[in-house]
Every structure is written in C-alpha cells, then in structure tokens.
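Undergrad: Dumping the structure here so I can ask a few things about it.
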Amino acid sequence: MNDLHARIRTVARERNAVILAHNYQVPEVQDVADMCGDSLELSMRAARTEADVILFCGVRFMAETAAILSPDKTVILAAEKAGCPMADMINEEDVRRRKAERPDLFVLSYVNTTAEVKAESDMCCTSANAVQVVRTIDPERRIFMTPDRNLARYVIRCTGREMDYWDGYCVVHQRLTADRVKQVKAAHPDGLFVAHPECRPEVIDLADAVHSTSGMIALARESDHKKFIIGTETGLLYPLSKAAPDKEFIPADPGMVCKNMKKTGLPQVLNALERTAPVVSVPEDIRVRAKQAVDRMLAVPRE
Ligand code: SF4
C-alpha cells in the first residue's frame, strides 16, 4: 500500500465517506475504493450505507445517480471534468420535443443519461436489464429509447419489438469494428468473444455472449471457458482477472479506453476527499422525477 492510498483511507474515515469506483477505473483507484461495480449497483449500495459522503470515481452522470438515490448524503465526483460523451448527446429539450411530436411515446432512458433526461423519462434501464424492462412495457405504447442506438438495436434484436431511438453512441464501444473482432478471434480461436451491448450491431453478430460489465464478471467466474476476448472498455480487465485469476482475458481492441474514466487517479481522489468537493447535486424537482423513472425500473422483476 503506498502513502497516497493510506492517506485516502484515513481521510475517508475522518469524513465518514464511502468511495465508489466504476469497473472502468484504473486499478489503483479500484483498489482504494470501498466498492467497485457498475454505476447503478454502486449508487444503490452506497444509498444503503450510513456514510455522510459518497465519493464517486467515475463520470458525472454516475455521481448524479448517486445524488438521486441519496438526497441526504453529500456526493462528490473525484474528477470534476469527467463527463460522458454519450450522455451529453441528448438533453431534456430533445426529449421534450420528441414527446410533443408524439404524445403517446414511452421514453425509456439508459442510466447513462443526465438527471434532466431521466426526469423527462417514463422509466430507466441498464445494459443488464434493458431487455427485461422492455418486455414489461405496454405493447400499445411506442417506445423511444435514449441515448444509445446500439443498446436500442440490441433490445430490438432480443425482443422483436419495434421502437424509436436516439442516435447516440458510446465513443469507446463504437470504436470496436467487426474486422478487428475477426482478427482477434482468428488469433485466439479458443477465446470466447463477449461483447457489451453498447457495441455496433455487426460486432454483436460475432459475439458468443453479450453482457453488461457485471454480467461479464459473473460469466468469467462461472464459465468453464479459460480464455475470453473482452469487447468493452479495457479497465474491466482488472476486475475480471481478480474475479477469475486462473483465466485469460484479451482486450478485443486495446484502444477501447474511455478518456473520461481515466481522469481519476489517486491524487484526484485525495484532493476531492480533503476538500469535500466538487459536490454534485440535483435540484429537488428534477431529482424526484428522475427517481420515479429509476424506481419504475427497480420494480421490474429480475429474470
Ligand atoms: S465508456 Fe462510453 S458510456 Fe462509459 S463513460 Fe466512457 S463514453 Fe460514456
């Protein structure tokens, strides 16, 4: 354990802070955190703690989700400028305009959206539960899914349900091409190719399995396969190798690196904790409406 790590743990104790690290964070940040995982899971677990402060090591919409679920706690984001280009591809005005054009729309927003967009939505979903969530939506309603076109196309493929969707995408997953996957598969014919649903449809076509980040970790732990080609942000390789140390994980494309996720290092974590800043807060009227959309998702039974 280095000095910075030890100092962070001391200050976290003094502030009664819980440190959350998304699965795409650098290893030293994951190691200093109290909890690692995907964004919604982290926010839900943090809400159940007695902590006064939540320090999120991730990007802004994740800290907002923590603030939506924990109005009595102070939420801080370790790297102030860490945003998500996909979440920023749509805003609340865009959603309102769509609803004005088609009042029967059912707006389904991926959790990778701003609090304002969630507040304009009927329901939220994650990459892990999007398919189940869509199966519960009244077939008479026309679904409009935001912001990720690739996740929407994946849900359409799984459910056969027609829907409208916003033309957003994750810049990191969009980078992975079918040609690249074919090359890696040819080099590792014994590797199971696991894609994230944010990948392009032609990449999904080549996948042996499609999972969210937490789904990939569970698969690595439980599968009999020994080698996996991982089609998501390369930060996930660290928790994968911790979950299944006897197995081999190959990045489908080592260039799948989210610049925003890498804005957090141990100095940023310590600085944010010492200053209890920058605070991420959500205005109460937006928070309440955004929480309703999240709560409707949480009410969907798990398969
Ligand atoms: S990996 Fe993609 S979805 Fe996640 S924060 Fe980066 S740009 Fe946004």
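Here's how to read the names in the structure tokens: chain A, B, ... by the order shown, residue numbers from 1 in each chain, ligand numbers from 1 in the order shown.
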At a cut-off of 10 Å around ligand 1, and using only C-alpha atoms and all ligand atoms, what residues come up? Please write them as a PDB file with N, CA and C atoms, in the first residue's frame.

TA:
ATOM      1  N   HIS A  22     -16.084   2.865 -10.436  1.00  0.00           N
ATOM      2  CA  HIS A  22     -16.684   2.124 -11.554  1.00  0.00           C
ATOM      3  C   HIS A  22     -15.672   1.095 -12.077  1.00  0.00           C
ATOM      4  N   ASN A  23     -16.218   0.050 -12.697  1.00  0.00           N
ATOM      5  CA  ASN A  23     -15.396  -1.041 -13.243  1.00  0.00           C
ATOM      6  C   ASN A  23     -14.358  -0.589 -14.264  1.00  0.00           C
ATOM      7  N   TYR A  24     -14.511   0.610 -14.850  1.00  0.00           N
ATOM      8  CA  TYR A  24     -13.561   1.079 -15.861  1.00  0.00           C
ATOM      9  C   TYR A  24     -12.450   1.941 -15.250  1.00  0.00           C
ATOM     10  N   SER A  39     -22.493   1.367 -12.496  1.00  0.00           N
ATOM     11  CA  SER A  39     -22.864   2.647 -11.893  1.00  0.00           C
ATOM     12  C   SER A  39     -24.114   2.552 -11.022  1.00  0.00           C
ATOM     13  N   GLY A  58     -15.713   8.016 -11.255  1.00  0.00           N
ATOM     14  CA  GLY A  58     -16.396   7.620 -12.485  1.00  0.00           C
ATOM     15  C   GLY A  58     -16.666   8.884 -13.280  1.00  0.00           C
ATOM     16  N   VAL A  59     -17.840   8.982 -13.882  1.00  0.00           N
ATOM     17  CA  VAL A  59     -18.185  10.189 -14.644  1.00  0.00           C
ATOM     18  C   VAL A  59     -19.453  10.827 -14.056  1.00  0.00           C
ATOM     19  N   ARG A  60     -19.726  12.053 -14.527  1.00  0.00           N
ATOM     20  CA  ARG A  60     -20.728  12.886 -13.868  1.00  0.00           C
ATOM     21  C   ARG A  60     -22.105  12.235 -13.720  1.00  0.00           C
ATOM     22  N   PHE A  61     -22.613  11.586 -14.780  1.00  0.00           N
ATOM     23  CA  PHE A  61     -23.979  11.060 -14.643  1.00  0.00           C
ATOM     24  C   PHE A  61     -24.058  10.018 -13.530  1.00  0.00           C
ATOM     25  N   MET A  62     -22.948   9.357 -13.254  1.00  0.00           N
ATOM     26  CA  MET A  62     -22.936   8.347 -12.186  1.00  0.00           C
ATOM     27  C   MET A  62     -23.082   9.026 -10.815  1.00  0.00           C
ATOM     28  N   ALA A  82     -14.845  14.969 -15.555  1.00  0.00           N
ATOM     29  CA  ALA A  82     -15.122  13.655 -16.157  1.00  0.00           C
ATOM     30  C   ALA A  82     -16.595  13.581 -16.550  1.00  0.00           C
ATOM     31  N   GLY A  83     -16.837  13.725 -17.838  1.00  0.00           N
ATOM     32  CA  GLY A  83     -18.207  13.630 -18.344  1.00  0.00           C
ATOM     33  C   GLY A  83     -18.338  12.377 -19.194  1.00  0.00           C
ATOM     34  N   CYS A  84     -19.527  12.169 -19.743  1.00  0.00           N
ATOM     35  CA  CYS A  84     -19.729  11.029 -20.640  1.00  0.00           C
ATOM     36  C   CYS A  84     -20.233  11.584 -21.968  1.00  0.00           C
ATOM     37  N   PRO A  85     -19.428  11.465 -23.032  1.00  0.00           N
ATOM     38  CA  PRO A  85     -19.865  11.999 -24.327  1.00  0.00           C
ATOM     39  C   PRO A  85     -21.213  11.433 -24.764  1.00  0.00           C
ATOM     40  N   MET A  86     -21.494  10.162 -24.459  1.00  0.00           N
ATOM     41  CA  MET A  86     -22.790   9.605 -24.869  1.00  0.00           C
ATOM     42  C   MET A  86     -23.943  10.271 -24.103  1.00  0.00           C
ATOM     43  N   ALA A  87     -23.793  10.419 -22.787  1.00  0.00           N
ATOM     44  CA  ALA A  87     -24.860  11.050 -22.001  1.00  0.00           C
ATOM     45  C   ALA A  87     -25.109  12.473 -22.502  1.00  0.00           C
ATOM     46  N   ASP A  88     -24.040  13.129 -22.982  1.00  0.00           N
ATOM     47  CA  ASP A  88     -24.183  14.522 -23.423  1.00  0.00           C
ATOM     48  C   ASP A  88     -24.711  14.643 -24.857  1.00  0.00           C
ATOM     49  N   VAL A 111     -29.450   4.347 -18.012  1.00  0.00           N
ATOM     50  CA  VAL A 111     -28.968   5.133 -16.868  1.00  0.00           C
ATOM     51  C   VAL A 111     -27.813   6.058 -17.252  1.00  0.00           C
ATOM     52  N   ASN A 112     -27.182   5.803 -18.393  1.00  0.00           N
ATOM     53  CA  ASN A 112     -26.098   6.676 -18.867  1.00  0.00           C
ATOM     54  C   ASN A 112     -26.699   7.925 -19.513  1.00  0.00           C
ATOM     55  N   THR A 113     -27.422   8.691 -18.717  1.00  0.00           N
ATOM     56  CA  THR A 113     -28.038   9.943 -19.167  1.00  0.00           C
ATOM     57  C   THR A 113     -27.950  10.942 -18.011  1.00  0.00           C
ATOM     58  N   PRO A 147     -29.927   7.069 -24.583  1.00  0.00           N
ATOM     59  CA  PRO A 147     -29.439   7.804 -25.749  1.00  0.00           C
ATOM     60  C   PRO A 147     -28.739   6.878 -26.740  1.00  0.00           C
ATOM     61  N   ASP A 148     -28.626   5.573 -26.410  1.00  0.00           N
ATOM     62  CA  ASP A 148     -27.684   4.714 -27.140  1.00  0.00           C
ATOM     63  C   ASP A 148     -28.375   3.901 -28.241  1.00  0.00           C
ATOM     64  N   TYR A 169     -24.314   7.248 -29.133  1.00  0.00           N
ATOM     65  CA  TYR A 169     -23.468   6.043 -29.036  1.00  0.00           C
ATOM     66  C   TYR A 169     -22.316   6.322 -28.087  1.00  0.00           C
ATOM     67  N   CYS A 170     -21.753   5.253 -27.570  1.00  0.00           N
ATOM     68  CA  CYS A 170     -20.559   5.382 -26.730  1.00  0.00           C
ATOM     69  C   CYS A 170     -19.347   5.399 -27.650  1.00  0.00           C
ATOM     70  N   VAL A 171     -18.542   6.449 -27.524  1.00  0.00           N
ATOM     71  CA  VAL A 171     -17.398   6.598 -28.425  1.00  0.00           C
ATOM     72  C   VAL A 171     -16.395   5.453 -28.256  1.00  0.00           C
ATOM     73  N   VAL A 172     -16.364   4.853 -27.088  1.00  0.00           N
ATOM     74  CA  VAL A 172     -15.395   3.781 -26.813  1.00  0.00           C
ATOM     75  C   VAL A 172     -15.855   2.469 -27.458  1.00  0.00           C
ATOM     76  N   HIS A 173     -17.109   2.121 -27.265  1.00  0.00           N
ATOM     77  CA  HIS A 173     -17.609   0.862 -27.841  1.00  0.00           C
ATOM     78  C   HIS A 173     -17.782   0.961 -29.353  1.00  0.00           C
ATOM     79  N   GLN A 174     -18.066   2.157 -29.835  1.00  0.00           N
ATOM     80  CA  GLN A 174     -18.231   2.362 -31.274  1.00  0.00           C
ATOM     81  C   GLN A 174     -16.919   2.089 -32.007  1.00  0.00           C
ATOM     82  N   GLU A 198     -23.382  -2.052 -25.870  1.00  0.00           N
ATOM     83  CA  GLU A 198     -23.114  -0.746 -26.491  1.00  0.00           C
ATOM     84  C   GLU A 198     -22.301  -0.888 -27.779  1.00  0.00           C
ATOM     85  N   THR A 232     -15.214  -4.619 -24.364  1.00  0.00           N
ATOM     86  CA  THR A 232     -15.659  -3.422 -23.631  1.00  0.00           C
ATOM     87  C   THR A 232     -14.432  -2.615 -23.239  1.00  0.00           C
ATOM     88  N   GLU A 233     -14.655  -1.541 -22.483  1.00  0.00           N
ATOM     89  CA  GLU A 233     -13.569  -0.668 -22.050  1.00  0.00           C
ATOM     90  C   GLU A 233     -12.513  -1.507 -21.311  1.00  0.00           C
ATOM     91  N   THR A 234     -11.228  -1.238 -21.588  1.00  0.00           N
ATOM     92  CA  THR A 234     -10.173  -2.134 -21.103  1.00  0.00           C
ATOM     93  C   THR A 234     -10.017  -2.126 -19.574  1.00  0.00           C
ATOM     94  N   GLY A 235     -10.571  -1.120 -18.897  1.00  0.00           N
ATOM     95  CA  GLY A 235     -10.498  -1.098 -17.433  1.00  0.00           C
ATOM     96  C   GLY A 235     -11.115  -2.341 -16.813  1.00  0.00           C
ATOM     97  N   MET A 256      -9.708   0.560 -26.719  1.00  0.00           N
ATOM     98  CA  MET A 256     -11.016   0.882 -26.110  1.00  0.00           C
ATOM     99  C   MET A 256     -10.788   1.436 -24.703  1.00  0.00           C
ATOM    100  N   VAL A 257     -10.383   2.688 -24.675  1.00  0.00           N
ATOM    101  CA  VAL A 257     -10.058   3.349 -23.406  1.00  0.00           C
ATOM    102  C   VAL A 257     -10.911   4.611 -23.304  1.00  0.00           C
ATOM    103  N   CYS A 258     -11.660   4.743 -22.222  1.00  0.00           N
ATOM    104  CA  CYS A 258     -12.500   5.924 -22.028  1.00  0.00           C
ATOM    105  C   CYS A 258     -11.659   7.006 -21.341  1.00  0.00           C
ATOM    106  N   LYS A 259     -11.376   8.072 -22.074  1.00  0.00           N
ATOM    107  CA  LYS A 259     -10.521   9.152 -21.545  1.00  0.00           C
ATOM    108  C   LYS A 259     -11.120   9.741 -20.280  1.00  0.00           C
ATOM    109  N   ASN A 260     -12.443   9.827 -20.248  1.00  0.00           N
ATOM    110  CA  ASN A 260     -13.094  10.429 -19.087  1.00  0.00           C
ATOM    111  C   ASN A 260     -12.962   9.558 -17.848  1.00  0.00           C
ATOM    112  N   MET A 261     -13.037   8.256 -18.043  1.00  0.00           N
ATOM    113  CA  MET A 261     -12.882   7.340 -16.907  1.00  0.00           C
ATOM    114  C   MET A 261     -11.459   7.374 -16.356  1.00  0.00           C
ATOM    115  N   LYS A 262     -10.509   7.771 -17.206  1.00  0.00           N
ATOM    116  CA  LYS A 262      -9.100   7.772 -16.772  1.00  0.00           C
ATOM    117  C   LYS A 262      -8.674   9.127 -16.220  1.00  0.00           C
TER     118      LYS A 262
END

Undergrad: Between A:Val75, A:Val133, A:Ala17, A:Val26, which residue has the minimum interatomic distance to A:Ala299, considering only C-alpha atoms?

TA: A:Val133

Undergrad: Could you give me, as an NGL selection string, the residues within 6 Å of stretch 164-167 of chain A, counting only C-alpha atoms and dropping anything in the same chain fewer than 5 positions from it?

TA: :A and (144-147 or 149)

Undergrad: When DSSP works through the backbone of this structure, what residues of stretch 69-225 of chain A end up as helix (DSSP H, G or I), shown as a PyMOL selection string?

TA: chain A and resi 69+87-89+92-101+115-119+130-135+149-159+171-174+178-187+201-204+213-222

Undergrad: With only C-alpha atoms as the basis for distance, which of A:Ala100, A:Cys125, A:Leu176, A:Leu20 is at the shortest distance from A:Ser43?

TA: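 The answer is A:Leu20, which sits nearest to A:Ser43.
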
Undergrad: Quick one: of A:Met216, A:Leu236, A:Ala12, A:Cys158, who's nearest to A:Ile204, counting only C-alpha atoms?

TA: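 Using only C-alpha atoms, A:Ile204 sits closest to A:Cys158.
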
Undergrad: Name all residues at most 12 Å from stretch 294-296 of chain A (count only C-alpha atoms; drop same-chain ones fewer than 2 positions away) and give them as an NGL selection string.

TA: :A and (40 or 43-44 or 65-66 or 68-69 or 108-113 or 115 or 117-126 or 133-134 or 136-137 or 287-292 or 298-301)

Undergrad: Quick one: residues within 12 Å of A:Arg102, only C-alpha atoms, excluding same-chain residues fewer than 2 positions away - as a list of chain:residue names?

TA: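 In the requested format, the answer is A:Val95, A:Arg96, A:Arg97, A:Arg98, A:Lys99, A:Ala100, A:Asp104, A:Leu105, A:Phe106, A:Val107, A:Arg141, A:Arg142, A:Ile143, A:Phe144, A:Asp164.
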
Undergrad: Write a file of the just-selected residues containing N, CA and C atoms, as an mmCIF file, in the first residue's frame.

TA:
data_model
loop_
_atom_site.group_PDB
_atom_site.id
_atom_site.type_symbol
_atom_site.label_atom_id
_atom_site.label_comp_id
_atom_site.auth_asym_id
_atom_site.auth_seq_id
_atom_site.Cartn_x
_atom_site.Cartn_y
_atom_site.Cartn_z
ATOM 1 N N VAL A 95 -35.699 15.561 -25.583
ATOM 2 C CA VAL A 95 -36.737 14.596 -25.182
ATOM 3 C C VAL A 95 -38.108 15.272 -25.223
ATOM 4 N N ARG A 96 -38.173 16.497 -24.712
ATOM 5 C CA ARG A 96 -39.468 17.206 -24.696
ATOM 6 C C ARG A 96 -39.991 17.401 -26.113
ATOM 7 N N ARG A 97 -39.094 17.740 -27.032
ATOM 8 C CA ARG A 97 -39.503 17.942 -28.428
ATOM 9 C C ARG A 97 -40.102 16.643 -28.987
ATOM 10 N N ARG A 98 -39.465 15.522 -28.738
ATOM 11 C CA ARG A 98 -39.985 14.227 -29.222
ATOM 12 C C ARG A 98 -41.363 13.931 -28.639
ATOM 13 N N LYS A 99 -41.500 14.236 -27.333
ATOM 14 C CA LYS A 99 -42.788 13.948 -26.678
ATOM 15 C C LYS A 99 -43.879 14.849 -27.253
ATOM 16 N N ALA A 100 -43.509 16.082 -27.593
ATOM 17 C CA ALA A 100 -44.506 16.997 -28.167
ATOM 18 C C ALA A 100 -44.946 16.491 -29.542
ATOM 19 N N ASP A 104 -47.917 9.904 -27.349
ATOM 20 C CA ASP A 104 -48.074 8.532 -26.836
ATOM 21 C C ASP A 104 -46.721 7.864 -26.561
ATOM 22 N N LEU A 105 -45.625 8.595 -26.756
ATOM 23 C CA LEU A 105 -44.313 7.954 -26.579
ATOM 24 C C LEU A 105 -44.079 7.504 -25.140
ATOM 25 N N PHE A 106 -43.417 6.372 -25.006
ATOM 26 C CA PHE A 106 -42.941 5.916 -23.702
ATOM 27 C C PHE A 106 -41.424 6.098 -23.755
ATOM 28 N N VAL A 107 -40.928 7.022 -22.936
ATOM 29 C CA VAL A 107 -39.499 7.339 -23.005
ATOM 30 C C VAL A 107 -38.730 6.436 -22.035
ATOM 31 N N ARG A 141 -47.912 1.131 -26.307
ATOM 32 C CA ARG A 141 -47.111 2.370 -26.299
ATOM 33 C C ARG A 141 -45.939 2.259 -27.269
ATOM 34 N N ARG A 142 -45.599 3.361 -27.886
ATOM 35 C CA ARG A 142 -44.437 3.416 -28.776
ATOM 36 C C ARG A 142 -43.234 3.796 -27.924
ATOM 37 N N ILE A 143 -42.219 2.948 -27.894
ATOM 38 C CA ILE A 143 -41.052 3.234 -27.052
ATOM 39 C C ILE A 143 -40.069 4.125 -27.813
ATOM 40 N N PHE A 144 -39.538 5.099 -27.071
ATOM 41 C CA PHE A 144 -38.440 5.932 -27.583
ATOM 42 C C PHE A 144 -37.288 5.747 -26.607
ATOM 43 N N ASP A 164 -38.517 3.472 -31.458
ATOM 44 C CA ASP A 164 -37.709 4.596 -31.924
ATOM 45 C C ASP A 164 -36.539 4.734 -30.943
#

Undergrad: Within 8 Å of A:Ser212, counting only C-alpha atoms, which residues qualify if same-chain residues fewer than 2 places away don't, as a CSV table (one decimal) with N, CA, C and O atoms, in the first residue's frame?

TA:
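Saved file result.csv follows:
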chain,number,residue,atom,x,y,z
A,127,SER,N,-27.8,-1.6,-19.0
A,127,SER,CA,-27.4,-2.5,-20.1
A,127,SER,C,-27.8,-4.0,-19.7
A,127,SER,O,-28.0,-4.8,-20.5
A,128,ALA,N,-27.8,-4.2,-18.4
A,128,ALA,CA,-28.1,-5.6,-17.9
A,128,ALA,C,-29.6,-5.9,-18.0
A,128,ALA,O,-29.9,-7.1,-18.2
A,196,HIS,N,-20.2,-6.1,-25.2
A,196,HIS,CA,-21.1,-5.2,-24.4
A,196,HIS,C,-22.2,-4.8,-25.3
A,196,HIS,O,-21.9,-4.5,-26.5
A,197,PRO,N,-23.4,-4.7,-24.9
A,197,PRO,CA,-24.5,-4.2,-25.8
A,197,PRO,C,-24.4,-2.8,-26.4
A,197,PRO,O,-25.1,-2.5,-27.3
A,210,VAL,N,-23.3,-11.7,-24.9
A,210,VAL,CA,-23.5,-10.3,-24.8
A,210,VAL,C,-23.8,-10.0,-23.4
A,210,VAL,O,-24.8,-10.5,-22.8
A,214,SER,N,-21.0,-6.1,-15.2
A,214,SER,CA,-21.2,-7.0,-14.1
A,214,SER,C,-21.5,-8.4,-14.6
A,214,SER,O,-21.1,-9.4,-14.1
A,215,GLY,N,-22.3,-8.5,-15.8
A,215,GLY,CA,-22.6,-9.8,-16.4
A,215,GLY,C,-21.3,-10.5,-16.9
A,215,GLY,O,-21.1,-11.7,-16.8
A,216,MET,N,-20.4,-9.7,-17.4
A,216,MET,CA,-19.1,-10.2,-17.8
A,216,MET,C,-18.3,-10.8,-16.7
A,216,MET,O,-17.7,-11.9,-16.8

Undergrad: Mind checking DSSP for stretch 125-189 of chain A and telling me the strand (DSSP E or B) residues as a list in words?

TA: Cys125, Arg142, Ile143, Phe144, Met145, Thr146, Asp148, Asp164, Tyr165 and Gly168 of chain A

Undergrad: Please dump the current selection as a JSON list (two decimals), in the first residue's frame; keep C-alpha atoms.

TA:
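Produced file out25.json, reproduced below:
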[["chain", "number", "residue", "atom", "x", "y", "z"],
["A", 125, "CYS", "CA", -32.91, 0.76, -17.75],
["A", 142, "ARG", "CA", -44.44, 3.42, -28.78],
["A", 143, "ILE", "CA", -41.05, 3.23, -27.05],
["A", 144, "PHE", "CA", -38.44, 5.93, -27.58],
["A", 145, "MET", "CA", -35.13, 4.81, -26.17],
["A", 146, "THR", "CA", -32.30, 7.18, -25.27],
["A", 148, "ASP", "CA", -27.68, 4.71, -27.14],
["A", 164, "ASP", "CA", -37.71, 4.60, -31.92],
["A", 165, "TYR", "CA", -34.34, 5.54, -30.52],
["A", 168, "GLY", "CA", -26.32, 8.44, -29.64]]

Undergrad: With a distance cut-off of 12 Å and only C-alpha atoms, select the neighbouring residues of A:Lys242, excluding the residue or stretch itself and same-chain residues fewer than 3 positions from it, and output the selection as a list of chain:residue names.

TA: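 The contact residues come out as A:Asn23, A:Pro27, A:Gln30, A:Asp31, A:Cys36, A:Ile217, A:Ala218, A:Ala220, A:Arg221, A:Leu236, A:Leu237, A:Tyr238, A:Pro239, A:Pro245, A:Asp246, A:Lys247, A:Glu248, A:Phe249.
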
Undergrad: Pull N, CA, C and O atoms from the residues just selected and write them as a compact mmCIF listing (two decimals), in the first residue's frame.

TA:
# COMPACT_ATOMS: atom_id res chain seq x y z
N ASN A 23 -16.22 0.05 -12.70
CA ASN A 23 -15.40 -1.04 -13.24
C ASN A 23 -14.36 -0.59 -14.26
O ASN A 23 -13.43 -1.34 -14.56
N PRO A 27 -6.63 0.52 -11.98
CA PRO A 27 -6.54 -0.44 -10.87
C PRO A 27 -6.31 0.20 -9.50
O PRO A 27 -6.94 -0.19 -8.51
N GLN A 30 -9.53 1.46 -8.17
CA GLN A 30 -10.40 0.34 -7.75
C GLN A 30 -9.91 -0.23 -6.42
O GLN A 30 -10.71 -0.59 -5.55
N ASP A 31 -8.57 -0.27 -6.26
CA ASP A 31 -8.02 -0.86 -5.03
C ASP A 31 -8.29 -0.01 -3.78
O ASP A 31 -8.37 -0.54 -2.68
N CYS A 36 -16.59 -1.57 -5.80
CA CYS A 36 -16.39 -1.45 -7.25
C CYS A 36 -17.58 -2.11 -7.93
O CYS A 36 -18.16 -3.05 -7.40
N ILE A 217 -18.31 -10.10 -15.55
CA ILE A 217 -17.58 -10.58 -14.37
C ILE A 217 -18.20 -11.89 -13.88
O ILE A 217 -17.50 -12.86 -13.57
N ALA A 218 -19.52 -11.94 -13.84
CA ALA A 218 -20.20 -13.17 -13.40
C ALA A 218 -19.89 -14.32 -14.35
O ALA A 218 -19.61 -15.46 -13.92
N ALA A 220 -17.25 -14.69 -16.28
CA ALA A 220 -15.85 -15.11 -16.13
C ALA A 220 -15.69 -16.04 -14.93
O ALA A 220 -14.97 -17.04 -14.96
N ARG A 221 -16.42 -15.72 -13.87
CA ARG A 221 -16.32 -16.51 -12.63
C ARG A 221 -16.95 -17.90 -12.84
O ARG A 221 -16.40 -18.91 -12.41
N LEU A 236 -12.04 -2.96 -17.53
CA LEU A 236 -12.73 -4.14 -16.97
C LEU A 236 -11.78 -5.33 -16.83
O LEU A 236 -12.06 -6.25 -16.05
N LEU A 237 -10.66 -5.31 -17.55
CA LEU A 237 -9.76 -6.46 -17.46
C LEU A 237 -9.26 -6.66 -16.02
O LEU A 237 -9.02 -7.80 -15.60
N TYR A 238 -9.11 -5.58 -15.30
CA TYR A 238 -8.61 -5.70 -13.93
C TYR A 238 -9.60 -6.43 -13.01
O TYR A 238 -9.23 -7.46 -12.41
N PRO A 239 -10.86 -5.99 -12.89
CA PRO A 239 -11.78 -6.78 -12.06
C PRO A 239 -12.02 -8.19 -12.61
O PRO A 239 -12.25 -9.12 -11.82
N PRO A 245 -8.73 -15.39 -11.48
CA PRO A 245 -7.30 -15.23 -11.70
C PRO A 245 -6.67 -16.34 -12.54
O PRO A 245 -5.58 -16.16 -13.10
N ASP A 246 -7.35 -17.47 -12.64
CA ASP A 246 -6.78 -18.60 -13.41
C ASP A 246 -7.16 -18.51 -14.89
O ASP A 246 -6.80 -19.40 -15.66
N LYS A 247 -7.88 -17.47 -15.28
CA LYS A 247 -8.35 -17.39 -16.67
C LYS A 247 -7.66 -16.24 -17.41
O LYS A 247 -7.10 -15.35 -16.79
N GLU A 248 -7.75 -16.31 -18.74
CA GLU A 248 -7.05 -15.31 -19.55
C GLU A 248 -8.07 -14.38 -20.22
O GLU A 248 -9.06 -14.85 -20.78
N PHE A 249 -7.78 -13.08 -20.19
CA PHE A 249 -8.68 -12.08 -20.76
C PHE A 249 -7.91 -11.23 -21.77
O PHE A 249 -6.88 -10.65 -21.41

Undergrad: Just checking: using only C-alpha atoms, which residue out of A:Arg180, A:Arg200, A:Lys73, A:Arg48 ends up closest to A:Leu151?

TA: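 Checking each of A:Arg180, A:Arg200, A:Lys73, A:Arg48 against A:Leu151, counting only C-alpha atoms, the winner is A:Arg200.
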
Undergrad: Would you mind telling me which residue in A:Pro201, A:Pro103, A:Arg15, A:Phe228 lies nearest to A:Val184 when using only C-alpha atoms?

TA: A:Phe228

Undergrad: Find the residue from A:Ile54, A:Ala187, A:Val131, A:Ala78 that sits nearest to A:Ile229; use only C-alpha atoms when measuring.

TA: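 Going through A:Ile54, A:Ala187, A:Val131, A:Ala78 one by one, the smallest distance to A:Ile229 is for A:Ala187.
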
Undergrad: Distance atom CA of A:Ala152-atom CA of A:Lys185, one decimal place?

TA: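 Between atom CA of A:Ala152 and atom CA of A:Lys185 the gap works out to 25.6 Å.
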
Undergrad: May I ask for the distance between atom CA of A:Phe56 and atom CA of A:His211, given in Å to one decimal place?

TA: 23.4 Å
